[in-house]
Structure formats: C-alpha cells, structure tokens
$ cat upload.cif   # mmCIF, C-alpha atoms and all ligand atoms
data_upload
#
loop_
_atom_site.label_atom_id
_atom_site.label_comp_id
_atom_site.auth_asym_id
_atom_site.auth_seq_id
_atom_site.Cartn_x
_atom_site.Cartn_y
_atom_site.Cartn_z
CA MET A 1 14.76 15.12 -21.83
CA PHE A 2 12.62 16.54 -19.03
CA GLY A 3 14.57 19.52 -17.67
CA SER A 4 16.43 18.61 -14.52
CA LEU A 5 14.23 15.57 -13.81
CA ARG A 6 16.35 12.45 -13.25
CA LEU A 7 14.44 9.31 -14.22
CA VAL A 8 15.31 6.01 -12.60
CA ALA A 9 13.74 2.76 -13.81
CA ILE A 10 13.51 0.04 -11.19
CA ALA A 11 12.50 -3.51 -12.12
CA ALA A 12 12.98 -7.19 -11.34
CA LEU A 13 13.73 -9.48 -14.30
CA ASP A 14 14.23 -13.19 -14.80
CA GLN A 15 17.03 -14.45 -17.05
CA ASN A 16 14.83 -13.96 -20.15
CA TYR A 17 13.97 -10.38 -19.10
CA GLY A 18 10.52 -11.56 -17.98
CA ILE A 19 8.87 -9.24 -15.46
CA GLY A 20 5.31 -10.52 -15.12
CA ARG A 21 2.91 -13.40 -15.58
CA ASN A 22 -0.88 -13.22 -15.63
CA GLY A 23 -0.79 -9.62 -14.40
CA ALA A 24 1.32 -10.36 -11.34
CA LEU A 25 4.87 -10.93 -10.10
CA PRO A 26 5.73 -14.65 -10.19
CA TRP A 27 8.06 -14.70 -7.19
CA HIS A 28 8.42 -13.69 -3.59
CA LEU A 29 11.68 -11.90 -2.85
CA ALA A 30 11.51 -10.21 0.55
CA ALA A 31 14.97 -8.66 0.24
CA ASP A 32 14.04 -7.18 -3.13
CA PHE A 33 10.81 -5.73 -1.73
CA LEU A 34 12.84 -4.07 0.99
CA HIS A 35 15.32 -2.73 -1.57
CA PHE A 36 12.41 -1.37 -3.66
CA LYS A 37 10.90 0.27 -0.59
CA THR A 38 14.18 1.88 0.46
CA ALA A 39 14.95 3.14 -3.06
CA THR A 40 11.52 4.64 -3.74
CA MET A 41 10.59 5.97 -0.28
CA GLY A 42 9.67 9.66 -0.37
CA HIS A 43 9.62 9.73 -4.17
CA THR A 44 7.08 9.78 -6.97
CA MET A 45 6.54 6.47 -8.78
CA ILE A 46 5.26 6.50 -12.35
CA MET A 47 3.42 3.32 -13.28
CA GLY A 48 1.05 1.93 -15.88
CA ARG A 49 -2.60 1.37 -15.09
CA LYS A 50 -2.24 -2.44 -15.25
CA THR A 51 0.56 -2.37 -12.70
CA PHE A 52 -1.55 -0.24 -10.35
CA ASP A 53 -4.45 -2.65 -10.87
CA SER A 54 -2.09 -5.53 -9.98
CA MET A 55 -1.39 -3.80 -6.65
CA MET A 56 -5.13 -3.97 -5.85
CA ARG A 57 -5.08 -0.22 -6.58
CA ARG A 58 -3.44 0.45 -3.24
CA GLN A 59 -0.88 3.22 -2.98
CA LEU A 60 2.35 2.35 -1.22
CA PRO A 61 2.90 4.36 1.97
CA GLY A 62 5.32 7.27 1.87
CA ARG A 63 5.36 7.48 -1.91
CA ARG A 64 3.33 9.36 -4.49
CA THR A 65 1.80 7.19 -7.20
CA LEU A 66 1.25 8.62 -10.67
CA VAL A 67 -0.72 6.23 -12.87
CA VAL A 68 -0.53 6.51 -16.65
CA THR A 69 -3.91 5.73 -18.19
CA GLY A 70 -6.00 6.78 -21.15
CA ASN A 71 -9.09 6.61 -18.93
CA PRO A 72 -9.92 10.15 -17.76
CA ASP A 73 -12.18 8.83 -14.96
CA TYR A 74 -9.65 6.45 -13.43
CA GLY A 75 -8.06 8.94 -11.03
CA SER A 76 -11.29 10.12 -9.45
CA ARG A 77 -12.67 6.59 -9.30
CA TYR A 78 -9.67 5.16 -7.44
CA GLY A 79 -8.33 8.24 -5.67
CA VAL A 80 -4.94 8.34 -7.37
CA ASP A 81 -3.07 10.92 -9.43
CA THR A 82 -3.07 10.13 -13.15
CA ALA A 83 -1.49 11.33 -16.36
CA PRO A 84 -2.82 10.67 -19.88
CA GLY A 85 0.59 9.53 -21.19
CA PHE A 86 4.10 8.74 -20.01
CA GLU A 87 5.59 12.04 -21.13
CA ASP A 88 2.67 13.89 -19.49
CA ALA A 89 3.58 12.12 -16.24
CA CYS A 90 7.17 13.36 -16.55
CA ARG A 91 5.99 16.90 -17.31
CA LEU A 92 3.80 16.80 -14.19
CA CYS A 93 6.87 15.82 -12.13
CA VAL A 94 8.81 18.75 -13.60
CA LYS A 95 5.91 21.10 -12.89
CA ASP A 96 5.94 19.92 -9.28
CA GLY A 97 9.62 20.79 -9.03
CA LEU A 98 10.86 17.20 -8.69
CA THR A 99 14.47 16.42 -9.53
CA GLU A 100 14.02 12.65 -9.44
CA ALA A 101 11.21 10.19 -10.17
CA PHE A 102 11.05 6.39 -10.32
CA VAL A 103 9.61 4.49 -13.25
CA VAL A 104 8.26 1.25 -11.81
CA GLY A 105 6.61 -0.49 -14.78
CA GLY A 106 5.08 -2.41 -16.34
CA ALA A 107 6.48 -3.27 -19.73
CA THR A 108 4.61 -0.60 -21.71
CA ILE A 109 5.91 2.10 -19.38
CA PHE A 110 9.48 0.74 -19.30
CA ARG A 111 9.51 0.75 -23.12
CA GLN A 112 8.47 4.41 -23.27
CA ALA A 113 10.76 5.43 -20.39
CA LEU A 114 14.00 3.76 -21.37
CA PRO A 115 15.19 6.44 -23.84
CA TYR A 116 14.80 9.05 -21.07
CA CYS A 117 16.21 7.12 -18.12
CA ASP A 118 19.42 8.22 -16.44
CA SER A 119 19.72 5.11 -14.24
CA LEU A 120 18.38 1.58 -14.20
CA VAL A 121 18.17 -0.40 -11.01
CA LEU A 122 17.63 -3.97 -12.16
CA THR A 123 17.09 -6.97 -9.94
CA MET A 124 18.36 -9.87 -12.03
CA VAL A 125 16.62 -12.96 -10.69
CA LYS A 126 18.67 -16.09 -11.33
CA THR A 127 15.95 -18.28 -12.79
CA VAL A 128 13.77 -18.65 -15.86
CA ILE A 129 10.10 -18.59 -14.95
CA PRO A 130 7.88 -20.55 -17.35
CA GLY A 131 4.95 -18.73 -18.93
CA MET A 132 6.15 -15.16 -18.43
CA ASP A 133 4.06 -12.85 -20.65
CA THR A 134 5.51 -9.41 -19.92
CA PHE A 135 9.10 -8.42 -20.63
CA PHE A 136 11.55 -5.62 -19.88
CA PRO A 137 12.95 -4.05 -23.08
CA ARG A 138 16.44 -5.06 -24.17
CA LEU A 139 18.97 -2.36 -23.33
CA GLU A 140 19.67 -0.41 -26.47
CA GLY A 141 23.40 0.09 -27.02
CA GLY A 142 24.27 -2.35 -24.21
CA SER A 143 27.60 -1.65 -22.56
CA ARG A 144 28.30 1.28 -24.91
CA LYS A 145 25.42 3.23 -23.38
CA TRP A 146 25.25 1.90 -19.83
CA SER A 147 27.94 1.46 -17.22
CA VAL A 148 27.57 -0.65 -14.11
CA ASN A 149 27.66 1.54 -11.03
CA SER A 150 27.06 -1.10 -8.35
CA VAL A 151 26.22 -4.78 -7.92
CA SER A 152 24.95 -6.56 -4.84
CA SER A 153 24.30 -10.30 -4.55
CA HIS A 154 21.57 -12.02 -2.57
CA ILE A 155 21.03 -15.68 -1.78
CA ALA A 156 17.82 -17.71 -1.88
CA ASP A 157 16.42 -18.56 1.53
CA SER A 158 13.08 -19.05 3.25
CA LYS A 159 12.05 -15.45 2.41
CA ASN A 160 13.55 -15.24 -1.08
CA ASP A 161 12.48 -17.77 -3.71
CA TYR A 162 15.59 -17.38 -5.91
CA PRO A 163 19.06 -15.87 -5.70
CA PHE A 164 19.40 -12.48 -7.38
CA GLU A 165 21.74 -9.59 -8.08
CA ILE A 166 20.79 -5.94 -7.94
CA ILE A 167 22.70 -4.06 -10.63
CA GLU A 168 22.62 -0.29 -10.94
CA TYR A 169 23.39 1.04 -14.40
CA ARG A 170 24.13 4.67 -15.23
CA ARG A 171 23.72 6.06 -18.71
CA ILE A 172 27.07 6.97 -20.22
CA ALA A 173 27.07 10.62 -21.33
CA GLU A 174 27.29 10.88 -25.13
N1 LIG B 201 8.99 -7.32 -12.29
C1 LIG B 201 8.78 -6.01 -12.23
O1 LIG B 201 9.69 -5.23 -11.89
C2 LIG B 201 7.44 -5.44 -12.58
C3 LIG B 201 7.16 -4.09 -12.35
C4 LIG B 201 5.90 -3.59 -12.70
C5 LIG B 201 4.97 -4.44 -13.27
N2 LIG B 201 5.27 -5.74 -13.47
C6 LIG B 201 4.32 -6.66 -14.11
O2 LIG B 201 4.06 -6.14 -15.42
C7 LIG B 201 2.72 -6.51 -15.79
C8 LIG B 201 1.97 -5.24 -16.19
O3 LIG B 201 2.67 -4.61 -17.25
P1 LIG B 201 1.95 -4.22 -18.64
O4 LIG B 201 3.00 -3.81 -19.59
O5 LIG B 201 1.01 -5.30 -19.03
O6 LIG B 201 1.02 -2.98 -18.21
P2 LIG B 201 1.37 -1.54 -17.60
O7 LIG B 201 2.51 -0.94 -18.35
O8 LIG B 201 1.48 -1.63 -16.12
O9 LIG B 201 0.00 -0.75 -17.91
C9 LIG B 201 -0.44 -0.62 -19.24
C10 LIG B 201 -1.50 0.46 -19.25
O10 LIG B 201 -0.91 1.73 -18.97
C11 LIG B 201 -1.57 2.73 -19.71
N3 LIG B 201 -0.63 3.34 -20.66
C12 LIG B 201 0.64 2.94 -20.96
N4 LIG B 201 1.18 3.81 -21.84
C13 LIG B 201 0.24 4.76 -22.08
C14 LIG B 201 0.24 5.94 -22.88
N5 LIG B 201 1.30 6.33 -23.62
N6 LIG B 201 -0.89 6.70 -22.91
C15 LIG B 201 -1.96 6.34 -22.17
N7 LIG B 201 -2.01 5.24 -21.37
C16 LIG B 201 -0.92 4.46 -21.34
C17 LIG B 201 -2.73 2.06 -20.42
O11 LIG B 201 -3.80 2.11 -19.49
P3 LIG B 201 -5.36 2.17 -19.91
O12 LIG B 201 -5.62 0.83 -20.54
O13 LIG B 201 -6.08 2.39 -18.63
O14 LIG B 201 -5.48 3.32 -20.88
C18 LIG B 201 -2.20 0.64 -20.58
O15 LIG B 201 -3.22 -0.32 -20.79
C19 LIG B 201 2.13 -7.23 -14.59
O16 LIG B 201 2.34 -8.62 -14.75
C20 LIG B 201 2.99 -6.72 -13.43
O17 LIG B 201 3.00 -7.63 -12.35
C21 LIG B 201 6.49 -6.25 -13.14
#
$ encode --input "upload.cif" --output "structure tokens"
Amino acid sequence: MFGSLRLVAIAALDQNYGIGRNGALPWHLAADFLHFKTATMGHTMIMGRKTFDSMMRRQLPGRRTLVVTGNPDYGSRYGVDTAPGFEDACRLCVKDGLTEAFVVGGATIFRQALPYCDSLVLTMVKTVIPGMDTFFPRLEGGSRKWSVNSVSSHIADSKNDYPFEIIEYRRIAE
C-alpha cells in the first residue's frame, strides 16, 4: 500500500451504484453535503480532473484538492495541485507526511483506489436515477472483505431529495 497513509473513499450512490449523470450529481441532499464537509474538513481530497471540472474548478474551503490529470498544464492553469496518476497522488500525500487522505471520485479514480482503500464511506441513496452514466465499482469480495462499522439513516425532506443511509465499511484484515 502507501506506507502509513490511510485511504478513505467517500461517495454517494443510487441503488444501481450510479454516481453521476452528464458530468454532475443528479440530486440535492443537504444532509449528505454536510456529512461530506464534516468528514473531509482539514484533509486532502484526491479527485479526477472531470470531477474537479464538475465543481466549476473551485476548491472547497478548508481542504486541499489534489487533481489527477494527464494534462501537465492543468495545475498552473487552474491554480490547483495535480498529480499525473492516482498512485502518484498517494505518493505525494505520503511525501507530505499525511496519515489519511480522502478519495472523492469520480468513477475512474474510485476504480483505481478501491484496492488500496482502508475504509469506504458510502451514502446509499434510496432511489434509482434514470440515465446515470457513471458508476461506483462493485465491492470486490463483498462481506468477506468489508465489515460494516456504522450506519446512519436519513429521511427525505425539503432539503433532501431522497432518503439515504450512510454506511461506513472497514476493510477486514487478511
Ligand atoms: N456521487 C458521487 O459521490 C460522485 C463523486 C465524484 C464524482 N461524481 C460524478 O462522477 C462523474 C465524473 O467521474 P468520471 O469517472 O467521469 O471522471 P473522473 O474520475 O472525475 O476524472 C477522470 C479524469 O481523471 C484523470 N485521470 C484518472 N485516472 C488517471 C490516471 N491514472 N492517470 C492520469 N489521469 C487520470 C483524467 O484526466 P485528464 O483527461 O485531464 O487526463 C481523466 O479523464 C461526474 O458525473 C461527477 O458528478 C460523483
């Protein structure tokens, strides 16, 4: 893995594991945004270039953004730290002495990160959104490899389009 770096993937999925549509999130879930903010505050977030583009290339306050891109000019053009690959991003975190970093998507980054992740914090949105085009990878090994550490339930209301559960999985030591 990457020394003492603990990698946590954090994502919101519909019931078909869909995470995005047309380069954006297809829901508004205020309570999930708050959960994401609380979890990631003060940490480094590793994300793919398309996800950073989808955020209008704005960095979230109080967090360091590390964008994975094959474009060597991207960082200087948009004033953000970059890495030329996912593993390079992790190595940068280790070099900076970090013990924890958050992997925040999108699908290409989740796919590369999953084998290295120690924890997954998944918001399971209780709906199927039509036309989703980007998907979280299926969990390899399922319950043999991942144990549920915590679950919290949230209802739909005027600020949350759908009900959802936030499930934290920990990798089971082999
Ligand atoms: N629901 C959620 O939790 C969640 C979270 C995040 C994102 N999303 C959604 O996911 C979608 C975006 O995901 P996506 O999978 O299409 O794109 P992405 O993973 O955000 O970004 C893909 C880009 O990352 C760069 N990249 C990835 N791996 C690389 C590698 N090994 N080496 C070099 N560059 C690499 C490439 O950038 P270059 O082309 O610049 O080289 C690639 O085009 C959007 O719809 C977004 O809203 C959902």
$ residues_near_ligand --input "upload.cif" --ligand "ligand LIG 201 (chain B)" --cutoff "7 Å" --atoms "all atoms listed in the file" --output "PyMOL selection string"
chain A and resi 10-13+19-25+47-52+54+68-71+84-86+104-109+134
$ residues_around --input "upload.cif" --residues "A:Glu165" --least-positions-apart "5" --cutoff "10 Å" --atoms "only C-alpha atoms" --output "PyMOL selection string"
chain A and resi 12+32+122-126+151-155
$ closest_residue --input "upload.cif" --among "A:Glu174, A:Asn160, A:Glu168, A:Ser76" --to "A:Ala31" --atoms "only C-alpha atoms"
A:Asn160
$ residues_around --input "upload.cif" --residues "A:Val80" --least-positions-apart "4" --cutoff "8 Å" --atoms "all atoms listed in the file" --output "list of chain:residue names"
A:Gln59, A:Thr65, A:Leu66, A:Val67, A:Tyr74, A:Gly75, A:Ser76
$ closest_residue --input "upload.cif" --among "A:Arg170, A:Cys90, A:Arg111, A:Ser158" --to "A:Met1" --atoms "all atoms listed in the file"
A:Cys90
$ closest_residue --input "upload.cif" --among "A:Leu60, A:Val121, A:Ala101, A:Ile46" --to "A:Ala83" --atoms "all atoms listed in the file"
A:Ile46
